[in-house]
Structure formats: C-alpha cells, structure tokens
$ cat upload_17.cif   # mmCIF, C-alpha atoms
data_data
#
loop_
_atom_site.group_PDB
_atom_site.id
_atom_site.type_symbol
_atom_site.label_atom_id
_atom_site.label_comp_id
_atom_site.auth_asym_id
_atom_site.auth_seq_id
_atom_site.Cartn_x
_atom_site.Cartn_y
_atom_site.Cartn_z
ATOM 1 C CA ALA A 1 -40.256 2.648 -25.782
ATOM 2 C CA SER A 2 -38.629 5.794 -24.350
ATOM 3 C CA ILE A 3 -35.159 4.175 -24.244
ATOM 4 C CA ILE A 4 -34.852 3.909 -28.027
ATOM 5 C CA PRO A 5 -35.203 7.654 -28.773
ATOM 6 C CA THR A 6 -32.723 8.447 -26.029
ATOM 7 C CA LEU A 7 -30.150 5.992 -27.378
ATOM 8 C CA ALA A 8 -30.701 7.267 -30.890
ATOM 9 C CA SER A 9 -30.098 10.846 -29.822
ATOM 10 C CA LYS A 10 -26.828 9.832 -28.168
ATOM 11 C CA LEU A 11 -25.667 8.052 -31.285
ATOM 12 C CA VAL A 12 -26.448 11.134 -33.333
ATOM 13 C CA ARG A 13 -24.409 13.312 -31.031
ATOM 14 C CA LEU A 14 -21.444 10.923 -31.132
ATOM 15 C CA SER A 15 -21.514 10.836 -34.916
ATOM 16 C CA SER A 16 -21.772 14.607 -35.211
ATOM 17 C CA PRO A 17 -18.597 16.275 -36.670
ATOM 18 C CA ASN A 18 -19.090 19.242 -34.395
ATOM 19 C CA GLU A 19 -19.017 16.979 -31.391
ATOM 20 C CA ILE A 20 -15.816 15.349 -32.580
ATOM 21 C CA VAL A 21 -14.168 18.729 -33.080
ATOM 22 C CA GLN A 22 -15.312 19.765 -29.627
ATOM 23 C CA THR A 23 -13.685 16.738 -28.010
ATOM 24 C CA GLU A 24 -10.419 17.373 -29.887
ATOM 25 C CA ASP A 25 -10.265 20.944 -28.558
ATOM 26 C CA HIS A 26 -9.502 19.737 -25.024
ATOM 27 C CA GLY A 27 -5.644 19.799 -25.599
ATOM 28 C CA LEU A 28 -3.186 22.602 -24.595
ATOM 29 C CA THR A 29 -3.539 25.889 -26.386
ATOM 30 C CA LEU A 30 -0.569 27.826 -27.758
ATOM 31 C CA LEU A 31 -0.895 30.365 -24.956
ATOM 32 C CA GLU A 32 -0.798 27.646 -22.329
ATOM 33 C CA CYS A 33 2.365 26.195 -23.922
ATOM 34 C CA LEU A 34 4.045 29.598 -23.870
ATOM 35 C CA VAL A 35 3.125 30.117 -20.224
ATOM 36 C CA ALA A 36 4.531 26.681 -19.326
ATOM 37 C CA ILE A 37 7.783 27.477 -21.163
ATOM 38 C CA MET A 38 8.078 30.788 -19.329
ATOM 39 C CA VAL A 39 7.516 29.124 -15.949
ATOM 40 C CA ILE A 40 10.233 26.535 -16.707
ATOM 41 C CA ALA A 41 12.660 29.240 -17.881
ATOM 42 C CA VAL A 42 12.117 31.332 -14.742
ATOM 43 C CA THR A 43 12.614 28.277 -12.525
ATOM 44 C CA VAL A 44 15.853 27.252 -14.270
ATOM 45 C CA THR A 45 17.124 30.846 -14.118
ATOM 46 C CA ALA A 46 16.435 30.988 -10.390
ATOM 47 C CA ILE A 47 18.109 27.642 -9.645
ATOM 48 C CA THR A 48 21.219 27.848 -11.863
ATOM 49 C CA PRO A 49 23.190 30.683 -10.131
ATOM 50 C CA PRO A 50 23.115 29.059 -6.664
ATOM 51 C CA VAL A 51 24.304 25.800 -8.224
ATOM 52 C CA PHE A 52 27.258 27.534 -9.910
ATOM 53 C CA VAL A 53 28.094 29.394 -6.698
ATOM 54 C CA ALA A 54 27.989 26.181 -4.672
ATOM 55 C CA VAL A 55 30.279 24.362 -7.134
ATOM 56 C CA ALA A 56 32.757 27.262 -7.319
ATOM 57 C CA THR A 57 32.820 27.632 -3.522
ATOM 58 C CA ARG A 58 33.403 23.924 -3.047
ATOM 59 C CA LEU A 59 36.289 24.031 -5.532
ATOM 60 C CA GLN A 60 37.745 27.068 -3.750
ATOM 61 C CA ASN A 61 37.569 25.289 -0.392
ATOM 62 C CA GLN A 62 39.246 22.226 -1.864
ATOM 63 C CA ARG A 63 42.072 24.321 -3.322
ATOM 64 C CA ALA A 64 42.565 26.131 -0.022
ATOM 65 C CA GLU A 65 42.844 22.817 1.796
ATOM 66 C CA GLN A 66 45.362 21.527 -0.745
ATOM 67 C CA ALA A 67 47.328 24.778 -0.471
ATOM 68 C CA GLN A 68 47.450 24.416 3.309
ATOM 69 C CA GLN A 69 48.757 20.867 2.988
ATOM 70 C CA LEU A 70 51.338 21.947 0.412
ATOM 71 C CA ALA A 71 52.609 24.729 2.679
ATOM 72 C CA GLN A 72 52.974 22.244 5.539
ATOM 73 C CA GLN A 73 54.819 19.830 3.237
ATOM 74 C CA GLU A 74 57.346 22.529 2.363
ATOM 75 C CA ILE A 75 57.942 23.224 6.056
ATOM 76 C CA ASP A 76 58.333 19.503 6.737
ATOM 77 C CA ARG A 77 60.762 19.224 3.806
ATOM 78 C CA VAL A 78 63.020 21.922 5.247
ATOM 79 C CA ARG A 79 62.727 20.499 8.746
ATOM 80 C CA LEU A 80 63.719 17.063 7.484
ATOM 81 C CA LEU A 81 66.703 18.605 5.699
ATOM 82 C CA LEU A 82 67.871 20.168 8.956
ATOM 83 C CA GLU A 83 67.356 16.958 10.897
ATOM 84 C CA SER A 84 69.548 15.104 8.420
ATOM 85 C CA GLY A 85 72.441 17.424 9.222
ATOM 86 C CA ARG A 86 73.651 17.117 5.626
ATOM 87 C CA TYR A 87 73.033 20.596 4.277
ATOM 88 C CA ALA A 88 74.748 23.847 3.532
ATOM 89 C CA THR A 89 73.405 27.377 3.689
ATOM 90 C CA GLY A 90 72.795 27.314 -0.064
ATOM 91 C CA ASP A 91 70.441 24.342 0.314
ATOM 92 C CA LEU A 92 68.063 26.366 2.483
ATOM 93 C CA PRO A 93 65.337 28.758 1.308
ATOM 94 C CA PRO A 94 66.487 32.309 0.489
ATOM 95 C CA VAL A 95 66.884 34.857 3.278
ATOM 96 C CA SER A 96 64.565 37.818 3.605
ATOM 97 C CA GLY A 97 65.805 39.401 6.797
ATOM 98 C CA ASN A 98 64.227 39.003 10.201
ATOM 99 C CA PHE A 99 60.482 38.753 10.157
ATOM 100 C CA ALA A 100 57.736 38.074 12.706
ATOM 101 C CA THR A 101 56.114 34.659 12.914
ATOM 102 C CA THR A 102 53.254 35.957 10.746
ATOM 103 C CA GLY A 103 55.668 36.626 7.899
ATOM 104 C CA ALA A 104 53.775 39.856 7.147
ATOM 105 C CA PRO A 105 56.789 42.062 6.209
ATOM 106 C CA ILE A 106 57.831 39.741 3.389
ATOM 107 C CA ALA A 107 56.735 41.042 -0.006
ATOM 108 C CA ALA A 108 54.773 38.910 -2.446
ATOM 109 C CA PRO A 109 56.507 37.264 -5.441
ATOM 110 C CA ALA A 110 57.778 39.787 -7.981
ATOM 111 C CA LYS A 111 57.000 39.625 -11.677
ATOM 112 C CA ASN A 112 60.602 39.609 -12.866
ATOM 113 C CA GLN A 113 61.739 36.925 -10.425
ATOM 114 C CA PHE A 114 59.499 34.031 -11.360
ATOM 115 C CA LEU A 115 61.026 30.550 -11.435
ATOM 116 C CA ASP A 116 59.665 27.022 -11.762
ATOM 117 C CA ASP A 117 62.336 25.248 -9.720
ATOM 118 C CA ARG A 118 62.710 25.665 -5.955
ATOM 119 C CA THR A 119 66.397 24.725 -6.120
ATOM 120 C CA ARG A 120 67.215 27.846 -8.152
ATOM 121 C CA ALA A 121 65.530 30.400 -5.904
ATOM 122 C CA VAL A 122 67.666 33.525 -5.813
ATOM 123 C CA ASN A 123 65.740 35.588 -3.249
ATOM 124 C CA ALA A 124 62.666 35.564 -1.063
ATOM 125 C CA GLN A 125 60.471 37.079 -3.781
ATOM 126 C CA THR A 126 61.072 34.070 -6.018
ATOM 127 C CA ALA A 127 58.164 31.693 -6.604
ATOM 128 C CA PHE A 128 57.995 28.227 -8.135
ATOM 129 C CA LEU A 129 55.170 26.220 -9.701
ATOM 130 C CA VAL A 130 53.896 22.916 -8.339
ATOM 131 C CA ASP A 131 51.981 20.259 -10.263
ATOM 132 C CA LEU A 132 50.212 18.643 -7.349
ATOM 133 C CA ASN A 133 48.385 15.835 -9.161
ATOM 134 C CA ASN A 134 51.006 15.167 -11.867
ATOM 135 C CA ASP A 135 48.621 15.877 -14.731
ATOM 136 C CA GLY A 136 51.080 18.113 -16.570
ATOM 137 C CA GLU A 137 49.361 21.321 -15.489
ATOM 138 C CA GLU A 138 50.596 23.556 -12.677
ATOM 139 C CA ASP A 139 48.230 23.863 -9.718
ATOM 140 C CA PHE A 140 49.951 26.197 -7.260
ATOM 141 C CA LEU A 141 52.544 28.943 -7.028
ATOM 142 C CA VAL A 142 54.732 28.656 -3.909
ATOM 143 C CA GLN A 143 56.877 31.274 -2.199
ATOM 144 C CA ILE A 144 59.227 30.127 0.574
ATOM 145 C CA TYR A 145 61.611 32.282 2.618
ATOM 146 C CA ARG A 146 63.472 32.464 5.940
ATOM 147 C CA ASP A 147 65.397 34.847 8.140
ATOM 148 C CA ALA A 148 69.146 34.689 8.750
ATOM 149 C CA GLY A 149 68.585 32.550 11.835
ATOM 150 C CA ARG A 150 71.198 31.498 14.347
ATOM 151 C CA SER A 151 74.321 29.467 13.829
ATOM 152 C CA SER A 152 76.657 27.861 16.310
ATOM 153 C CA PRO A 153 79.600 30.078 17.326
ATOM 154 C CA LYS A 154 81.762 26.984 16.886
ATOM 155 C CA ASP A 155 80.772 26.640 13.220
ATOM 156 C CA THR A 156 83.140 28.552 10.962
ATOM 157 C CA THR A 157 80.759 28.212 7.976
ATOM 158 C CA ASN A 158 77.954 30.021 9.857
ATOM 159 C CA THR A 159 75.415 27.452 8.687
ATOM 160 C CA PRO A 160 72.151 28.222 10.496
ATOM 161 C CA VAL A 161 70.893 25.717 13.020
ATOM 162 C CA ALA A 162 67.619 27.505 13.820
ATOM 163 C CA PHE A 163 65.654 30.055 11.805
ATOM 164 C CA ARG A 164 62.176 31.369 11.086
ATOM 165 C CA LEU A 165 60.588 29.902 7.975
ATOM 166 C CA GLY A 166 57.618 31.160 5.989
ATOM 167 C CA VAL A 167 55.596 29.713 3.113
ATOM 168 C CA ARG A 168 52.875 31.246 0.960
ATOM 169 C CA VAL A 169 50.852 29.248 -1.543
ATOM 170 C CA TYR A 170 48.962 30.955 -4.369
ATOM 171 C CA ALA A 171 46.766 29.457 -7.053
ATOM 172 C CA ALA A 172 48.714 28.803 -10.256
ATOM 173 C CA THR A 173 46.530 31.342 -12.065
ATOM 174 C CA ALA A 174 47.981 34.040 -9.789
ATOM 175 C CA ARG A 175 51.129 34.024 -11.926
ATOM 176 C CA ARG A 176 49.233 36.295 -14.321
ATOM 177 C CA ASN A 177 49.428 38.956 -11.618
ATOM 178 C CA LEU A 178 53.063 38.534 -10.557
ATOM 179 C CA GLY A 179 54.275 41.932 -9.478
ATOM 180 C CA SER A 180 50.907 42.974 -8.060
ATOM 181 C CA LEU A 181 50.112 40.049 -5.771
ATOM 182 C CA ASP A 182 48.841 40.607 -2.243
ATOM 183 C CA THR A 183 50.067 38.934 0.951
ATOM 184 C CA LYS A 184 46.740 38.780 2.793
ATOM 185 C CA ILE A 185 45.170 35.324 2.759
ATOM 186 C CA ALA A 186 42.195 35.032 0.416
ATOM 187 C CA ALA A 187 38.860 34.831 2.195
ATOM 188 C CA ILE A 188 36.952 31.578 1.760
ATOM 189 C CA LYS A 189 33.425 32.654 0.889
ATOM 190 C CA PHE A 190 30.719 32.142 -1.710
ATOM 191 C CA VAL A 191 32.258 32.891 -5.095
ATOM 192 C CA THR A 192 31.270 32.443 -8.724
ATOM 193 C CA GLY A 193 34.828 32.256 -10.057
ATOM 194 C CA GLU A 194 38.331 32.348 -8.599
ATOM 195 C CA GLY A 195 37.451 35.165 -6.217
ATOM 196 C CA GLN A 196 40.354 36.683 -4.292
ATOM 197 C CA ALA A 197 42.644 33.774 -5.246
ATOM 198 C CA VAL A 198 43.719 35.582 -8.420
ATOM 199 C CA LYS A 199 45.894 37.898 -6.302
ATOM 200 C CA GLN A 200 45.918 36.621 -2.716
ATOM 201 C CA PRO A 201 47.482 33.468 -1.248
ATOM 202 C CA LEU A 202 45.282 30.503 -0.437
ATOM 203 C CA ALA A 203 47.527 29.578 2.488
ATOM 204 C CA ALA A 204 50.364 31.126 4.494
ATOM 205 C CA LEU A 205 52.311 29.407 7.266
ATOM 206 C CA SER A 206 55.306 30.440 9.327
ATOM 207 C CA THR A 207 57.207 28.690 12.070
ATOM 208 C CA ILE A 208 60.630 28.203 13.634
ATOM 209 C CA VAL A 209 62.647 25.205 12.539
ATOM 210 C CA ALA A 210 65.757 23.964 14.317
ATOM 211 C CA ARG A 211 67.994 20.939 14.422
ATOM 212 C CA SER A 212 67.190 18.751 17.371
ATOM 213 C CA ASP A 213 70.417 16.761 17.400
ATOM 214 C CA SER A 214 72.743 19.736 17.795
ATOM 215 C CA ASN A 215 74.234 20.566 21.181
ATOM 216 C CA ASP A 216 73.551 24.244 20.558
ATOM 217 C CA SER A 217 70.099 23.980 18.942
ATOM 218 C CA LEU A 218 68.090 24.567 22.130
ATOM 219 C CA ALA A 219 70.073 27.658 23.103
ATOM 220 C CA LEU A 220 70.012 29.043 19.561
ATOM 221 C CA GLN A 221 66.294 28.467 19.224
ATOM 222 C CA CYS A 222 65.719 30.187 22.556
ATOM 223 C CA GLN A 223 67.778 33.159 21.413
ATOM 224 C CA LEU A 224 65.843 33.292 18.156
ATOM 225 C CA ILE A 225 62.525 33.406 19.969
ATOM 226 C CA ASN A 226 63.626 35.932 22.576
ATOM 227 C CA GLY A 227 65.613 38.208 20.297
ATOM 228 C CA GLY A 228 68.991 37.438 21.825
ATOM 229 C CA GLY A 229 67.896 36.035 25.124
ATOM 230 C CA THR A 230 70.480 37.704 27.352
ATOM 231 C CA GLY A 231 69.947 36.314 30.834
ATOM 232 C CA ILE A 232 67.130 34.104 29.581
ATOM 233 C CA CYS A 233 68.654 31.513 27.269
ATOM 234 C CA PRO A 234 71.612 29.246 27.957
ATOM 235 C CA SER A 235 74.832 29.912 26.133
ATOM 236 C CA PRO A 236 75.450 27.742 23.071
#

$ encode --input "upload_17.cif" --output "structure tokens"
Amino acid sequence: ASIIPTLASKLVRLSSPNEIVQTEDHGLTLLECLVAIMVIAVTVTAITPPVFVAVATRLQNQRAEQAQQLAQQEIDRVRLLLESGRYATGDLPPVSGNFATTGAPIAAPAKNQFLDDRTRAVNAQTAFLVDLNNDGEEDFLVQIYRDAGRSSPKDTTNTPVAFRLGVRVYAATARRNLGSLDTKIAAIKFVTGEGQAVKQPLAALSTIVARSDSNDSLALQCQLINGGGTGICPSP
C-alpha cells in the first residue's frame, strides 16, 4: 500500500513544470561559454608564434642550403671552363684585385651595377639573378669575382691558368638593398621573416682554380698560393 503513494509522488514531480525547467538548466551558461572562448584564444595565441618561427626558420635553412649549392655550382662551372682549355680572359669572371681566400676585401654588389646576365658582368661588384626552380621568379642574387691570377710566361695573351675565385649568393629580395648590402654571411637562427638575408649573403665560397692539363699549372698554382714562391715553387 505504501508503494502507490511513493510512485504517485514521483509522477507528480516528473510532470511538474518547475522540475522540467530545472532539468533544462543543466546546460552551459553564457559566462561558461565566454570563459571557454577565452581559454581557446589564449591557447591559440600561445601556439601560433612558435609555429610561424619554426616555418620561417625551416625556409631560411632551405634557402641557405640552396645558396651553398648554387655557389658551388658557379665554382664548378668556372673550373670546367678552365679544364676545357677553350676560353679567353673575357670569358672568366671579372677581376677584383688580389684577395685572400676568404674573399673579405671584395665589396658587396653596388646599386648602379646590377645585371641579370652573368655573361655581361663588367666588374666584381656586378650581380646577376638566378631562377633556381624555373618558375619565372628570381630566387637568388649571385656575385662572382676573381683575382688577376697567374698566366704562363709563354702565353702572349696572358690568359690566366690559375686564379683565386670567390662567389657570394644573396636572396633575390636583397636586390632591394643594392648599394647597402653586407658581406658577412647571414646567421642561421630562429627568425619570423627573412632575418639577416635582406642584406647579408646566404652563402660565400672562395677557392683557387687552375687548369690541370697545362704544363705550367702546378708551378703557377704554387706561386699563387705562396705569393710568388721564390725558392719554393718550380719555374713554369
């Protein structure tokens, strides 16, 4: 007999409008929604900058690696030209006096001497653009130069057989700063944009190139390294 009143009281409570309203009030309040939105915004704000920095740094590292490969390709191109033996002095990169193997004394490209064709370089401060991936947009700005080198005393044209060669590779966007470019290699570090690449080279290489099939090449290369080599190098 006691079960019926209990069941009846439960039915009354379930059918009560106040009870229904009470059960519907268990959702999120406006304040709770605002707090959740604020938490999400703070989290996204905290995560986004490191993501951008990581992407920009990765792109910078990739460009630096490509610049290094491009500089080596230019050196190999000149070396191959010398090995062929079919070249004249005008086919070689422009002269910029004697310089150390670091190439430090050579000035950066000048604003009023910008070219887009390596075959028309008029001096060592001339730079040319390179479209590395053939997408119609320039990727790098290249400066290549050499010293006067050494030529065989038997050659009346004084065509150099051995010389120091230097290459600097800048990002293509550095052309906006021609005339105020730096020669110190850009540091590879965490960046949010182009970093130091807007004014500094991504890569810089220098070496000595010489013909290997010339009878005088070994002696001339030795003299080039030793600054004359009196008593050290064989006579050409």

$ residues_around --input "upload_17.cif" --residues "Thr207 (chain A)" --least-positions-apart "2" --cutoff "8 Å" --atoms "all atoms listed in the file" --output "list in words"
Thr101, Arg164, Leu165, Gly166, Leu205 and Val209 of chain A

$ residues_near_point --input "upload_17.cif" --point "(62.7, 29.9, -10.5)" --cutoff "12 Å" --atoms "all atoms listed in the file" --output "JSON, numbers by chain"
{"A": [94, 109, 110, 111, 112, 113, 114, 115, 116, 117, 118, 119, 120, 121, 122, 123, 124, 125, 126, 127, 128, 129, 130, 141, 142, 143, 144]}

$ closest_residue --input "upload_17.cif" --among "A:Leu82, A:Leu218, A:Ala162, A:Leu178" --to "Gln200 (chain A)" --atoms "all atoms listed in the file"
A:Leu178

$ atom_distance --input "upload_17.cif" --atom1 "CA of Arg150 (chain A)" --atom2 "CA of Glu74 (chain A)"
20.4 Å

$ resolve_selection --input "upload_17.cif" --expression "the PyMOL selection byres ((chain A and resi 219) around 7)" --output "PyMOL selection string"
chain A and resi 216-218+220-223+233-236

$ closest_residue --input "upload_17.cif" --among "A:Asn133, A:Arg146, A:Met38, A:Ala108" --to "Arg175 (chain A)" --atoms "all atoms listed in the file"
A:Ala108

$ residues_around --input "upload_17.cif" --residues "Gln196 (chain A)" --least-positions-apart "3" --cutoff "7 Å" --atoms "only C-alpha atoms" --output "number ranges by chain"
A: 186-187, 199-200

$ atom_distance --input "upload_17.cif" --atom1 "CA of Asn158 (chain A)" --atom2 "CA of Gly85 (chain A)"
13.8 Å

$ closest_residue --input "upload_17.cif" --among "A:Ser84, A:Gln68, A:Ser151, A:Asn177" --to "Phe163 (chain A)" --atoms "all atoms listed in the file"
A:Ser151

$ atom_distance --input "upload_17.cif" --atom1 "CA of Tyr145 (chain A)" --atom2 "CA of Thr183 (chain A)"
13.4 Å

$ closest_residue --input "upload_17.cif" --among "A:Ile185, A:Ile208, A:Ala88, A:Ala171" --to "Thr157 (chain A)" --atoms "only C-alpha atoms"
A:Ala88

$ resolve_selection --input "upload_17.cif" --expression "the PyMOL selection byres ((chain A and resi 78) around 10)" --output "short mmCIF file (atom, residue, chain, number, x, y, z; two decimals) with C-alpha atoms, keeping the file's coordinate frame"
data_model
loop_
_atom_site.label_atom_id
_atom_site.label_comp_id
_atom_site.auth_asym_id
_atom_site.auth_seq_id
_atom_site.Cartn_x
_atom_site.Cartn_y
_atom_site.Cartn_z
CA GLN A 73 54.82 19.83 3.24
CA GLU A 74 57.35 22.53 2.36
CA ILE A 75 57.94 23.22 6.06
CA ASP A 76 58.33 19.50 6.74
CA ARG A 77 60.76 19.22 3.81
CA ARG A 79 62.73 20.50 8.75
CA LEU A 80 63.72 17.06 7.48
CA LEU A 81 66.70 18.60 5.70
CA LEU A 82 67.87 20.17 8.96
CA GLU A 83 67.36 16.96 10.90
CA SER A 84 69.55 15.10 8.42
CA ASP A 91 70.44 24.34 0.31
CA LEU A 92 68.06 26.37 2.48
CA PRO A 93 65.34 28.76 1.31
CA LEU A 165 60.59 29.90 7.98
CA VAL A 209 62.65 25.20 12.54
CA ALA A 210 65.76 23.96 14.32
#

$ resolve_selection --input "upload_17.cif" --expression "the PyMOL selection byres ((chain A and resi 59-67) around 8)" --output "PDB file with C-alpha atoms, keeping the file's coordinate frame"
ATOM      1  CA  VAL A  55      30.279  24.362  -7.134  1.00  0.00           C
ATOM      2  CA  ALA A  56      32.757  27.262  -7.319  1.00  0.00           C
ATOM      3  CA  THR A  57      32.820  27.632  -3.522  1.00  0.00           C
ATOM      4  CA  ARG A  58      33.403  23.924  -3.047  1.00  0.00           C
ATOM      5  CA  GLN A  68      47.450  24.416   3.309  1.00  0.00           C
ATOM      6  CA  GLN A  69      48.757  20.867   2.988  1.00  0.00           C
ATOM      7  CA  LEU A  70      51.338  21.947   0.412  1.00  0.00           C
ATOM      8  CA  ALA A  71      52.609  24.729   2.679  1.00  0.00           C
ATOM      9  CA  PHE A 140      49.951  26.197  -7.260  1.00  0.00           C
ATOM     10  CA  VAL A 169      50.852  29.248  -1.543  1.00  0.00           C
ATOM     11  CA  TYR A 170      48.962  30.955  -4.369  1.00  0.00           C
ATOM     12  CA  ALA A 171      46.766  29.457  -7.053  1.00  0.00           C
ATOM     13  CA  ILE A 188      36.952  31.578   1.760  1.00  0.00           C
ATOM     14  CA  GLU A 194      38.331  32.348  -8.599  1.00  0.00           C
ATOM     15  CA  LEU A 202      45.282  30.503  -0.437  1.00  0.00           C
ATOM     16  CA  ALA A 203      47.527  29.578   2.488  1.00  0.00           C
TER      17      ALA A 203
END
